[in-house]
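Before any comments, here is the structure.
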There are 2 protein chains.
Amino acid sequence: MSHFIEQLNEEQLTEVRRQMQIYSQGVKEIIPTEELENKIAKSILENKPLKIKLGLDPSAPDVHLGHTVVLNKMRQFQENGHIIQLIIGDFTGKIGDPTGKSVARKQLTDEEVKHNAKTYFEQFAKVIDMEKVELHYNSKWLSTLNFEDVIQLAGKITVARLLERDDFEERIAFGKPISLHEFFYPLMQGYDSVVLECDIELGGTDQHFNILMGRHFQEKFGKEKQVALLMPLLEGLDGVEKMSKSKKNYIGIDESPQEMYGKAMSIPDELMNKYFELVTDFTPEQIQTIKDQIETGVLHPRDAKMLLGKTIVRMYHGLEAAESAEQHFISVFQHRSLPDEIPVIDWNGKMETTIIDLLVDLKLLNSKSEARRMIENRGVRINGNKVEDTNLQLLMTDGLIVQIGKRKFVKINIQ
Amino acid sequence: MSHFIEQLNEEQLTEVRRQMQIYSQGVKEIIPTEELENKIAKSILENKPLKIKLGLDPSAPDVHLGHTVVLNKMRQFQENGHIIQLIIGDFTGKIGDPTGKSVARKQLTDEEVKHNAKTYFEQFAKVIDMEKVELHYNSKWLSTLNFEDVIQLAGKITVARLLERDDFEERIAFGKPISLHEFFYPLMQGYDSVVLECDIELGGTDQHFNILMGRHFQEKFGKEKQVALLMPLLEGLDGVEKMSKSKKNYIGIDESPQEMYGKAMSIPDELMNKYFELVTDFTPEQIQTIKDQIETGVLHPRDAKMLLGKTIVRMYHGLEAAESAEQHFISVFQHRSLPDEIPVIDWNGKMETTIIDLLVDLKLLNSKSEARRMIENRGVRINGNKVEDTNLQLLMTDGLIVQIGKRKFVKINIQ
């Protein structure tokens, strides 16, 4: 591939850098970065969108926040005009597990595959624009391969290379059997990229090996190699295992607002930052502010978590549902510390402000000096937490509760 | 499989034992022996011939003595009424080497495959009755498999099991690449046995792994397992490497009598017994006599080798050609030690006799005592070698030259 990057003018170069910055957010690894830059450069020069591949297993169509890590990244590409290629791995799904050992890999009928795909799409529509997505079922090409084609394909990869895959290596080391057909799953995934001429394949870091297979086979078939864009894996509510349906540690994006919010409140504190980064629509700067506030004690972790929960509900059910989910949570779990009725104050001021400015702007206190005194006397709380720093910087969030003394509460309504 | 052997009467049991004795001759390994016995028993009880499989690579159709080790064994089965299944591995041949690395595995056209198969058959006709042979081309079934079938097949074997194959193990150990498609050759060979429901597969010991694949896959497909019958590998004229065309250490069964004879004379002495056992039609008893005679010095190794050469030529070109090949060899390489014209004496007596009886029977000497004296005086030679033992046992062979004193020669013509 030529060095398109060198053919760009200043403006185009700026655009490449802008896109690169967005795509790099929260990413674990880009293999290789230069090629991604070059592909973006090419797409600008030729005015041709890139093809961004995401493979989907049709056997488990419940979309949860773990999936949205990748989906959010896809949306960024989509927002910049690139094309999302969703590939339903129906060929694999229809085969099931030939050894009959895995219950998870039971054979799916055509109807089940279609139904599951539809279920996916309905949920994906909450994150990406499904109207602009290219849909593919890989049985379309894989089912046409005959034994000779398979042997030609197998001739393009060595056994040693396949054995390098972490889970294979581990099973060999522990003497656990690998059935030969398992070698074909990475081959198929790689071949899909050959057929669809994908530019970029997205996946979790657990897809590292399989996505590199795409590069390998594209090269062997004389095609331009795709770039691997690997996202971190999101641990589930248990804080240990990767979020997945089977582990029951997930927040499904189709769950009710109350359920979603309640589950979000059970996310371990030490994972909060990761959740803010990977599953919310906050900018890196906003997330940094939240982190700082938690660190300085301005924002109690519980309140940060409430913000997280509310944000997640807002993203999938809208603001109103988010507020009532929060309200429900508060009334059930926190009603003792808050009055039944809190006056709401509309806020259309700056999203970042200082605690003293806020108290004065809200007319809760009459002057900055009065506000400072009240803080020094430990009479001010934000979301129930005592404010101890008179210079506190605040990120305004919807539903923020400001308390003066024992009885005076207001709740912020962001306009 | 039931224990058919237990249902046999005495006569049938004797027949099983008779066949077992024949099939065991010269064999390196039978896996497992009891199953072979039981299959023979079944074939007797049900009056149904066994199916004896031999797979052939269509890329190298020159048949040499190395091949006849297995062919001779097949003939024994055929002589007992069993059916030979010859499988031309044309599917593999048509694929060639997908990595493009092996020149030997170049892709063959349909015409080349047919031509090579025909070449095989013409040569095989010298050893087995081709009229009674079942012919199969494995592309018939292998080319109908699609990717899903291949995955189902691959699901029935583990990677670890395949890596046990000696050459794979070695290549892994030395870091030499194994291309994934190579794993399919043993699978295909095994699947051939499933399709043809073979009872026994014959091959050299280098086919140990591949032939056991047949047992493995037959079992996985719920079929009766074949028995592996492994013949020793025949070293070529270099005495080291397995006889093969590529090593140029072979005697082709289509070569001219003189060439065949001349090449046979270059067989290393230490391999003579093995050649007698594996490529001649001598009985085990006859071979034992030859061994004993070499050991006691009665038979000079050179003469044993001439006997071997003549026998090989006789088997593929008939007795007359064998005699003139020997004569040619003698006149060119040994004429100094023998007169131009040797009187020929027809022999229709016993094939095993003593030296003294022979000298009297041939009327070369008048009495046993005269004969004994002549031997004691070192005046008797067999094929140019002094006879030192008056009790020497002789195996009569065609062209045997008996010499009394310096000038008296006769040559035996077996009738």
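Ligands are numbered from 1 in the order shown, residues from 1 within each chain, and chains are lettered A, B, ... in the order they appear in the structure tokens.
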
Open item on the list: as a ChimeraX atom specification, could you give me every residue of chain B near chain A (at most 10 Å apart, counting only C-alpha atoms)?
Closed with: /B:91-92,94-100,142-163,168,172,175-185

- [ ] Excluding region 328-330 of chain A and residues on its chain fewer than 6 positions from it, collect all residues at most 8 Å away from it, counting only C-alpha atoms, and give them as a PyMOL selection string.
- [x] chain A and resi 258+261-262

Open item on the list: What parts of region 23-211 of chain B does DSSP call alpha helix (DSSP H)? I'd like the answer as a ChimeraX atom specification.
Closed with: /B:23-24,33-45,65-79,90-95,110-124,139-142,147-154,159-163,166-173,184-196,208-211

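One distance worth recording is that between CA of Glu6 (chain B) and CA of Ile84 (chain B), which is 26.6 Å.
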
Task: Shell of 8 Å around Pro186 (chain B), only C-alpha atoms, local chain residues under 5 positions omitted, as a VMD selection string - done: chain B and resid 209 to 210 213

Now that the selection is made, can you save its residues with C-alpha atoms as an mmCIF file, in the first residue's frame?
data_model
loop_
_atom_site.group_PDB
_atom_site.id
_atom_site.type_symbol
_atom_site.label_atom_id
_atom_site.label_comp_id
_atom_site.auth_asym_id
_atom_site.auth_seq_id
_atom_site.Cartn_x
_atom_site.Cartn_y
_atom_site.Cartn_z
ATOM 1 C CA PHE B 209 -0.279 -43.672 11.329
ATOM 2 C CA ASN B 210 -2.371 -43.149 8.211
ATOM 3 C CA MET B 213 -6.646 -43.192 10.892
#

Open item on the list: To test your reading of the structure, identify every residue in region 122-350 of chain A that backbone DSSP assigns to strand (DSSP E), and report it as a PyMOL selection string.
Closed with: chain A and resi 134-137+200-204+227-231+344-347

Keeping only N, CA and C atoms, write those residues as a compact mmCIF listing (two decimals), in the first residue's frame.
# COMPACT_ATOMS: atom_id res chain seq x y z
N GLU A 134 -23.83 -2.21 6.43
CA GLU A 134 -23.85 -3.32 5.46
C GLU A 134 -24.03 -4.61 6.24
N LEU A 135 -25.02 -5.42 5.88
CA LEU A 135 -25.25 -6.68 6.58
C LEU A 135 -24.77 -7.86 5.75
N HIS A 136 -24.11 -8.78 6.39
CA HIS A 136 -23.64 -9.97 5.67
C HIS A 136 -23.84 -11.22 6.52
N TYR A 137 -24.19 -12.29 5.84
CA TYR A 137 -24.23 -13.61 6.49
C TYR A 137 -23.10 -14.42 5.87
N ILE A 200 -10.76 -2.44 8.37
CA ILE A 200 -10.49 -2.45 9.81
C ILE A 200 -11.40 -3.49 10.42
N GLU A 201 -10.86 -4.27 11.36
CA GLU A 201 -11.74 -5.16 12.10
C GLU A 201 -11.67 -4.80 13.57
N LEU A 202 -12.86 -4.65 14.16
CA LEU A 202 -12.93 -4.30 15.57
C LEU A 202 -13.24 -5.52 16.41
N GLY A 203 -12.75 -5.50 17.63
CA GLY A 203 -13.08 -6.59 18.53
C GLY A 203 -12.44 -6.34 19.88
N GLY A 204 -12.78 -7.19 20.84
CA GLY A 204 -12.14 -7.11 22.14
C GLY A 204 -10.73 -7.68 22.04
N VAL A 227 -6.65 -3.46 9.34
CA VAL A 227 -6.03 -3.04 10.59
C VAL A 227 -6.86 -3.64 11.74
N ALA A 228 -6.17 -4.13 12.76
CA ALA A 228 -6.87 -4.65 13.93
C ALA A 228 -7.04 -3.53 14.96
N LEU A 229 -8.26 -3.32 15.40
CA LEU A 229 -8.50 -2.30 16.42
C LEU A 229 -9.12 -3.01 17.62
N LEU A 230 -8.30 -3.14 18.65
CA LEU A 230 -8.71 -3.96 19.78
C LEU A 230 -9.13 -3.11 20.97
N MET A 231 -10.33 -3.37 21.46
CA MET A 231 -10.86 -2.63 22.61
C MET A 231 -10.62 -3.45 23.88
N VAL A 344 -36.71 21.84 42.33
CA VAL A 344 -35.82 21.68 41.18
C VAL A 344 -35.47 23.05 40.62
N ILE A 345 -34.21 23.28 40.38
CA ILE A 345 -33.78 24.55 39.78
C ILE A 345 -33.21 24.26 38.39
N ASP A 346 -33.75 24.93 37.39
CA ASP A 346 -33.21 24.76 36.02
C ASP A 346 -31.84 25.40 35.94
N TRP A 347 -30.95 24.73 35.20
CA TRP A 347 -29.58 25.21 35.08
C TRP A 347 -29.23 25.34 33.61

Open item on the list: Please list as an NGL selection string every residue within 8 Å of region 121-129 of chain A, counting only C-alpha atoms and excluding residues in the same chain fewer than 5 positions away.
Closed with: :A and (63 or 68 or 71-72 or 74-75 or 78 or 253-254 or 316)

Open item on the list: Give me, as a PyMOL selection string, all polymer residues having an atom no more than 10 Å from region 17-34 of chain A, counting only C-alpha atoms and skipping those fewer than 6 positions away in the same chain.
Closed with: chain A and resi 3+5+11+40-41+69-70+73-74+76-77+80+200+202+204-205+208+211-212+215+226-233+274+277-278+283-284

TODO: For Val195 (chain A), please output as a VMD selection string all residues within 12 Å (counting only C-alpha atoms; exclusion window: fewer than 5 positions along the same chain).
DONE: chain A and resid 53 85 87 136 to 142 188 to 190 214 217 to 218 221 to 224 226

- [ ] Identify which of the residues A:Arg165, A:Ile44, A:Asp398, A:Glu235 lies closest to Leu8 (chain A), counting only C-alpha atoms when measuring atom-to-atom distances.
- [x]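 The answer is A:Ile44, which sits nearest to Leu8 (chain A).
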
- [ ] Give me the residues within 12 Å of Gln286 (chain A) as a list in words, counting only C-alpha atoms and dropping any in the same chain fewer than 4 places off.
- [x]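 Here the qualifying residues turn out to be Asn273, Phe276, Glu277, Thr280, Asp281, Phe282, Ile290, Lys291, Asp292, Gln293, Met351, Glu352, Leu394, Leu395, Met396 and Thr397 of chain A.
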
Task: CA of Glu295 (chain B) to CA of Ser367 (chain B), straight-line distance in Å - done: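 Between these atoms lies a distance of 27.8 Å.
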
- [ ] Rounded to one decimal place, report the CA of Gly405 (chain A)-CA of Thr354 (chain A) distance in Å.
- [x] 18.8 Å
